[in-house]
file coords06.txt (compact mmCIF, C-alpha atoms and all ligand atoms)
# COMPACT_ATOMS: atom_id res chain seq x y z
CA MET A 1 -6.01 -11.35 14.96
CA ARG A 2 -4.91 -8.90 12.31
CA THR A 3 -7.43 -6.21 11.32
CA PRO A 4 -7.51 -6.16 7.52
CA LEU A 5 -6.48 -2.95 5.77
CA VAL A 6 -7.99 -1.85 2.49
CA ALA A 7 -6.10 1.06 0.95
CA GLY A 8 -7.11 2.95 -2.18
CA ASN A 9 -4.24 4.08 -4.38
CA TRP A 10 -5.72 6.82 -6.54
CA LYS A 11 -2.50 7.19 -8.57
CA MET A 12 -2.51 10.26 -10.87
CA TYR A 13 -6.30 10.53 -10.95
CA LYS A 14 -8.74 13.10 -9.55
CA THR A 15 -8.50 16.87 -9.47
CA ASN A 16 -8.93 18.36 -6.03
CA GLN A 17 -12.64 18.92 -6.61
CA GLU A 18 -13.11 15.32 -7.76
CA ALA A 19 -11.07 14.02 -4.84
CA VAL A 20 -13.27 15.83 -2.35
CA GLU A 21 -16.41 14.45 -4.03
CA LEU A 22 -15.06 10.91 -4.03
CA VAL A 23 -14.07 10.97 -0.40
CA SER A 24 -17.37 12.44 0.78
CA GLY A 25 -19.27 9.70 -1.08
CA LEU A 26 -16.97 7.09 0.36
CA ALA A 27 -17.19 8.34 3.92
CA SER A 28 -20.97 8.07 3.87
CA LEU A 29 -20.97 4.59 2.28
CA LEU A 30 -18.50 3.32 4.89
CA LYS A 31 -20.05 4.89 7.95
CA GLY A 32 -20.40 2.42 10.80
CA LEU A 33 -18.60 -0.43 9.03
CA GLY A 34 -16.38 -2.30 11.47
CA GLY A 35 -13.72 -4.99 11.47
CA VAL A 36 -11.63 -3.36 8.77
CA GLU A 37 -9.33 -0.38 8.49
CA VAL A 38 -9.66 1.80 5.40
CA ALA A 39 -7.20 4.28 3.92
CA VAL A 40 -7.28 6.53 0.87
CA CYS A 41 -4.11 7.72 -0.87
CA PRO A 42 -5.00 10.73 -3.05
CA PRO A 43 -2.45 12.71 -5.07
CA PHE A 44 -0.38 15.21 -3.03
CA THR A 45 -2.49 18.08 -4.38
CA SER A 46 -5.57 16.83 -2.51
CA LEU A 47 -4.08 15.61 0.77
CA ALA A 48 -4.88 18.80 2.66
CA ASP A 49 -8.53 19.07 1.57
CA VAL A 50 -9.21 15.34 1.94
CA SER A 51 -7.64 15.41 5.39
CA ARG A 52 -9.81 18.36 6.46
CA LEU A 53 -12.95 16.73 5.08
CA LEU A 54 -12.32 13.39 6.83
CA GLU A 55 -11.83 15.30 10.06
CA GLU A 56 -15.02 17.35 9.58
CA LEU A 57 -17.04 14.23 8.82
CA GLY A 58 -15.62 12.41 11.82
CA SER A 59 -14.69 9.59 9.42
CA SER A 60 -12.52 6.68 10.49
CA VAL A 61 -10.97 6.52 7.00
CA ALA A 62 -7.23 7.06 7.31
CA LEU A 63 -5.13 9.24 5.04
CA GLY A 64 -2.26 7.85 2.99
CA ALA A 65 0.27 9.33 0.56
CA GLN A 66 1.55 7.71 -2.62
CA ASN A 67 5.21 8.67 -2.29
CA VAL A 68 7.71 10.63 -0.22
CA TYR A 69 11.28 11.89 -0.47
CA PRO A 70 13.58 10.45 2.22
CA ARG A 71 14.86 13.75 3.68
CA SER A 72 13.12 16.01 6.14
CA GLU A 73 13.79 19.23 4.19
CA GLY A 74 16.23 20.74 1.73
CA ALA A 75 16.91 21.75 -1.85
CA PHE A 76 14.97 18.94 -3.54
CA THR A 77 12.82 20.67 -6.13
CA GLY A 78 9.44 19.07 -6.59
CA GLU A 79 9.73 16.64 -3.70
CA ILE A 80 7.63 16.22 -0.54
CA SER A 81 9.09 15.36 2.88
CA PRO A 82 7.86 13.05 5.65
CA PRO A 83 7.23 15.95 8.10
CA MET A 84 5.07 17.69 5.45
CA LEU A 85 2.94 14.57 5.15
CA LYS A 86 2.79 13.99 8.87
CA ALA A 87 1.61 17.58 9.44
CA LEU A 88 -1.40 16.91 7.19
CA GLY A 89 -2.44 13.88 9.22
CA VAL A 90 -1.01 11.24 6.87
CA LYS A 91 -0.78 7.81 8.51
CA TYR A 92 0.33 5.53 5.64
CA VAL A 93 2.84 6.10 2.85
CA ILE A 94 3.04 3.82 -0.19
CA VAL A 95 6.70 3.05 -0.86
CA GLY A 96 8.31 1.11 -3.70
CA HIS A 97 5.25 0.92 -5.95
CA SER A 98 6.19 -0.88 -9.16
CA GLU A 99 5.19 2.14 -11.25
CA ARG A 100 7.87 4.17 -9.48
CA ARG A 101 10.39 1.36 -9.72
CA GLU A 102 9.69 0.68 -13.43
CA ILE A 103 8.83 4.13 -14.83
CA LEU A 104 10.98 6.34 -12.60
CA GLY A 105 13.82 3.88 -12.07
CA GLU A 106 13.69 3.81 -8.25
CA LYS A 107 16.13 1.26 -6.85
CA ASP A 108 16.00 -0.78 -3.66
CA ASP A 109 18.44 1.44 -1.73
CA PHE A 110 16.23 4.48 -2.41
CA VAL A 111 13.14 2.49 -1.39
CA ALA A 112 14.93 1.39 1.81
CA ALA A 113 15.76 5.03 2.62
CA LYS A 114 12.09 5.95 2.16
CA VAL A 115 10.95 3.14 4.47
CA ARG A 116 13.38 4.45 7.10
CA ALA A 117 12.25 8.08 6.64
CA VAL A 118 8.56 7.17 6.95
CA LEU A 119 9.18 5.20 10.16
CA ASP A 120 11.32 8.03 11.59
CA GLU A 121 8.33 10.36 11.21
CA GLY A 122 6.03 7.93 13.03
CA MET A 123 4.06 6.95 9.92
CA THR A 124 3.56 3.46 8.46
CA PRO A 125 5.09 2.44 5.14
CA ILE A 126 3.06 0.27 2.78
CA LEU A 127 5.95 -1.45 1.03
CA CYS A 128 5.04 -2.80 -2.42
CA VAL A 129 6.86 -5.82 -3.80
CA GLY A 130 6.17 -8.05 -6.79
CA GLU A 131 7.49 -9.72 -9.90
CA THR A 132 7.09 -9.19 -13.65
CA LEU A 133 5.42 -11.78 -15.85
CA GLU A 134 8.81 -12.84 -17.28
CA GLU A 135 10.19 -13.34 -13.79
CA ARG A 136 7.17 -15.44 -12.80
CA GLU A 137 7.33 -17.56 -15.94
CA ALA A 138 11.04 -18.16 -15.39
CA GLY A 139 10.31 -19.40 -11.86
CA GLY A 140 11.86 -16.31 -10.29
CA ALA A 141 8.87 -14.78 -8.49
CA LEU A 142 9.76 -15.86 -4.95
CA GLY A 143 13.42 -14.93 -5.42
CA LYS A 144 12.55 -11.46 -6.72
CA VAL A 145 10.25 -10.72 -3.80
CA GLU A 146 12.72 -12.13 -1.27
CA GLY A 147 15.43 -9.84 -2.65
CA GLN A 148 13.13 -6.82 -2.44
CA LEU A 149 12.15 -7.56 1.17
CA ASP A 150 15.76 -8.08 2.24
CA ALA A 151 16.96 -4.86 0.60
CA ASP A 152 13.99 -2.58 1.24
CA LEU A 153 13.61 -3.50 4.92
CA ALA A 154 17.33 -3.58 5.68
CA ASN A 155 17.12 -0.46 7.87
CA VAL A 156 14.08 -1.52 9.91
CA LYS A 157 14.70 -2.27 13.57
CA LEU A 158 13.27 -5.40 15.16
CA GLU A 159 10.91 -3.46 17.41
CA GLU A 160 9.50 -1.53 14.43
CA ALA A 161 8.68 -4.53 12.29
CA SER A 162 5.31 -5.44 13.77
CA ALA A 163 3.78 -2.19 12.45
CA LEU A 164 4.89 -2.74 8.85
CA VAL A 165 2.45 -3.22 5.99
CA VAL A 166 3.66 -5.11 2.90
CA ALA A 167 1.64 -5.31 -0.32
CA TYR A 168 2.27 -8.11 -2.79
CA GLU A 169 1.52 -6.65 -6.20
CA PRO A 170 2.45 -8.85 -9.15
CA ILE A 171 3.32 -6.33 -11.86
CA TRP A 172 1.47 -8.32 -14.51
CA ALA A 173 -1.77 -7.96 -12.53
CA ILE A 174 -1.67 -4.19 -12.03
CA GLY A 175 -4.24 -2.35 -14.12
CA THR A 176 -4.47 -5.29 -16.53
CA GLY A 177 -7.68 -6.93 -15.34
CA LYS A 178 -5.61 -10.09 -14.68
CA THR A 179 -5.71 -11.03 -11.01
CA ALA A 180 -3.45 -13.58 -9.35
CA THR A 181 -5.54 -16.61 -8.36
CA PRO A 182 -6.35 -16.65 -4.65
CA ALA A 183 -4.06 -19.69 -4.33
CA ASP A 184 -1.11 -17.94 -6.05
CA ALA A 185 -1.60 -14.80 -3.99
CA GLN A 186 -1.85 -16.86 -0.79
CA GLU A 187 1.35 -18.73 -1.69
CA MET A 188 3.28 -15.48 -2.12
CA ASN A 189 1.75 -13.76 0.90
CA SER A 190 2.58 -16.72 3.09
CA PHE A 191 6.12 -16.73 1.66
CA ILE A 192 6.40 -13.01 2.51
CA ARG A 193 5.27 -13.65 6.08
CA ARG A 194 7.78 -16.49 6.48
CA ARG A 195 10.58 -14.31 5.12
CA LEU A 196 9.63 -11.49 7.51
CA ALA A 197 9.58 -14.00 10.36
CA ALA A 198 13.12 -15.04 9.46
CA MET A 199 14.19 -11.38 9.42
CA PHE A 200 12.31 -10.09 12.46
CA GLY A 201 11.13 -13.08 14.48
CA GLU A 202 7.98 -15.17 14.49
CA SER A 203 6.04 -13.24 17.15
CA THR A 204 6.76 -9.83 15.59
CA VAL A 205 5.51 -10.85 12.23
CA GLU A 206 2.16 -12.24 13.40
CA SER A 207 0.80 -8.69 13.46
CA VAL A 208 2.27 -7.54 10.11
CA ARG A 209 -0.40 -7.04 7.50
CA VAL A 210 0.40 -8.48 4.09
CA LEU A 211 -1.96 -7.11 1.45
CA TYR A 212 -2.63 -8.21 -2.10
CA GLY A 213 -2.87 -5.71 -4.95
CA GLY A 214 -3.44 -6.06 -8.68
CA SER A 215 -6.88 -5.75 -10.32
CA VAL A 216 -8.80 -6.22 -7.08
CA LYS A 217 -12.47 -5.65 -7.89
CA PRO A 218 -15.80 -6.05 -6.07
CA ASP A 219 -16.31 -9.46 -7.70
CA ASN A 220 -12.95 -11.02 -6.77
CA ALA A 221 -12.28 -9.33 -3.42
CA ALA A 222 -14.08 -11.82 -1.17
CA GLU A 223 -12.23 -14.91 -2.43
CA LEU A 224 -8.87 -13.15 -2.14
CA MET A 225 -9.59 -11.88 1.40
CA ALA A 226 -10.70 -15.34 2.47
CA MET A 227 -7.08 -16.55 2.20
CA PRO A 228 -5.35 -16.86 5.60
CA ASP A 229 -2.32 -14.71 4.69
CA ILE A 230 -4.12 -11.99 2.73
CA ASP A 231 -4.82 -9.24 5.25
CA GLY A 232 -6.48 -6.75 2.93
CA ALA A 233 -5.92 -5.08 -0.41
CA LEU A 234 -4.16 -2.23 -2.15
CA VAL A 235 -6.69 -1.13 -4.75
CA GLY A 236 -5.95 1.05 -7.77
CA GLY A 237 -8.59 1.38 -10.50
CA ALA A 238 -11.52 0.18 -8.40
CA SER A 239 -10.75 2.73 -5.67
CA LEU A 240 -11.74 5.57 -8.01
CA LYS A 241 -15.46 4.78 -7.71
CA ALA A 242 -16.97 5.06 -4.24
CA GLU A 243 -19.44 2.15 -4.74
CA ASP A 244 -16.76 -0.24 -6.03
CA PHE A 245 -14.29 0.63 -3.29
CA ALA A 246 -16.97 0.34 -0.61
CA ALA A 247 -17.93 -3.11 -1.94
CA ILE A 248 -14.28 -4.24 -1.64
CA VAL A 249 -14.12 -2.85 1.91
CA ARG A 250 -17.30 -4.76 2.80
CA ALA A 251 -15.75 -7.97 1.43
CA ALA A 252 -12.81 -7.47 3.79
CA SER A 253 -14.80 -6.57 6.89
P1 LIG B 1 -5.03 -1.87 -9.87
O1 LIG B 1 -3.74 -1.19 -9.19
O2 LIG B 1 -5.99 -2.22 -8.77
O3 LIG B 1 -5.56 -0.81 -10.80
O4 LIG B 1 -4.55 -3.08 -10.60
C1 LIG B 1 -3.22 -1.66 -7.98
C2 LIG B 1 -2.00 -0.85 -7.58
O5 LIG B 1 -1.20 -0.52 -8.46
O6 LIG B 1 -1.81 -0.53 -6.39
call {"tool": "encode", "arguments": {"input": "coords06.txt", "output": "structure tokens"}}
result
Amino acid sequence: MRTPLVAGNWKMYKTNQEAVELVSGLASLLKGLGGVEVAVCPPFTSLADVSRLLEELGSSVALGAQNVYPRSEGAFTGEISPPMLKALGVKYVIVGHSERREILGEKDDFVAAKVRAVLDEGMTPILCVGETLEEREAGGALGKVEGQLDADLANVKLEEASALVVAYEPIWAIGTGKTATPADAQEMNSFIRRRLAAMFGESTVESVRVLYGGSVKPDNAAELMAMPDIDGALVGGASLKAEDFAAIVRAAS
């Protein structure tokens, strides 16, 4: 059985003070909840304080980062390395989010290098894949996602694959209030698992968690999580309020 993972992607929200408040509220709401793994991915500026707070509270909430640069150190002004994240207790790193691909022009080879760098530091990448509305309407959704998986996971070794986390995030559903239907999300997540099985072997891929992301809210979380190939959620907007995020976590547990 795969333990579902619910990860909150705070994006470019929350000052450090606000981040600390959010995570203390969340830690108390989630205390004692079992059967689900929870992660929060604050902005870089709050990783240290959130990490310290989670430790102090003895919380089981894991720490994630939203991005990383695929080199361990060097003259890369403004960038953050995998060892810097690891030293703060970061467990998960979001890689290939569509906002970085679309707004910052990140290409698959760069995403693949980040996946490799995160694994090399002993952390777990949360690889985001997904299609635009035009691609879906033209019947190209599966092909787009297949291409992303093939390219972005090209440097992953067979024995590393079982620890991967992949998040299917249709771009048209992110921050729009439009959610994929549970059936559409299940179809894609099952396709992703089959593709991973072809790449890394059937037994390896049984333990890979494939999340859904895109306007996940307290009122649609349960029906999405009920699907056999949806192993949790990557939550943006609804992760910014402790009560909403906790309700989504409860739906997954
Ligand atoms: P959303 O964002 O929940 O606000 O749609 C999801 C994401 O981008 O990870």
call {"tool": "residues_around", "arguments": {"input": "coords06.txt", "residues": "stretch 172-188 of chain A", "least_positions_apart": "6", "cutoff": "10 Å", "atoms": "all atoms listed in the file", "output": "PyMOL selection string"}}
result
chain A and resi 98-99+130-134+136+141-142+145+194+210-217+220-230+235-238
call {"tool": "atom_distance", "arguments": {"input": "coords06.txt", "atom1": "atom CA of A:Val90", "atom2": "atom CA of A:Glu73"}}
result
17.0 Å
call {"tool": "atom_distance", "arguments": {"input": "coords06.txt", "atom1": "atom CA of A:Ala27", "atom2": "atom CA of A:Ala117"}}
result
29.6 Å
call {"tool": "closest_residue", "arguments": {"input": "coords06.txt", "among": "A:His97, A:Arg195, A:Lys144, A:Lys14", "to": "ligand LIG 1 (chain B)", "atoms": "all atoms listed in the file"}}
result
A:His97
call {"tool": "axis_aligned_box", "arguments": {"input": "coords06.txt", "around": "ligand LIG 1 (chain B)", "padding_each_side": "8 Å", "output": "JSON"}}
result
{"center_x": -3.6, "center_y": -1.8, "center_z": -8.6, "size_x": 20.8, "size_y": 18.6, "size_z": 20.4}
call {"tool": "closest_residue", "arguments": {"input": "coords06.txt", "among": "A:Gly96, A:Gly140, A:Gly35, A:Gly74", "to": "ligand LIG 1 (chain B)", "atoms": "only C-alpha atoms and all ligand atoms"}}
result
A:Gly96
call {"tool": "residues_around", "arguments": {"input": "coords06.txt", "residues": "A:Lys107", "least_positions_apart": "5", "cutoff": "10 Å", "atoms": "all atoms listed in the file", "output": "PyMOL selection string"}}
result
chain A and resi 96+100-102+112+148+151-152
call {"tool": "atom_distance", "arguments": {"input": "coords06.txt", "atom1": "atom CA of A:Gly232", "atom2": "atom CA of A:Asp49"}}
result
25.9 Å
call {"tool": "residues_around", "arguments": {"input": "coords06.txt", "residues": "stretch 56-65 of chain A", "least_positions_apart": "3", "cutoff": "9 Å", "atoms": "only C-alpha atoms", "output": "number ranges by chain"}}
result
A: 7-9, 24, 26-28, 30-32, 37-44, 47, 50-53, 68, 85, 88-94
call {"tool": "closest_residue", "arguments": {"input": "coords06.txt", "among": "A:Ser190, A:Ser239, A:Ser253, A:Thr77", "to": "ligand LIG 1 (chain B)", "atoms": "all atoms listed in the file"}}
result
A:Ser239
call {"tool": "closest_residue", "arguments": {"input": "coords06.txt", "among": "A:Met199, A:Leu33, A:Ile126, A:Ala246", "to": "ligand LIG 1 (chain B)", "atoms": "only C-alpha atoms and all ligand atoms"}}
result
A:Ile126
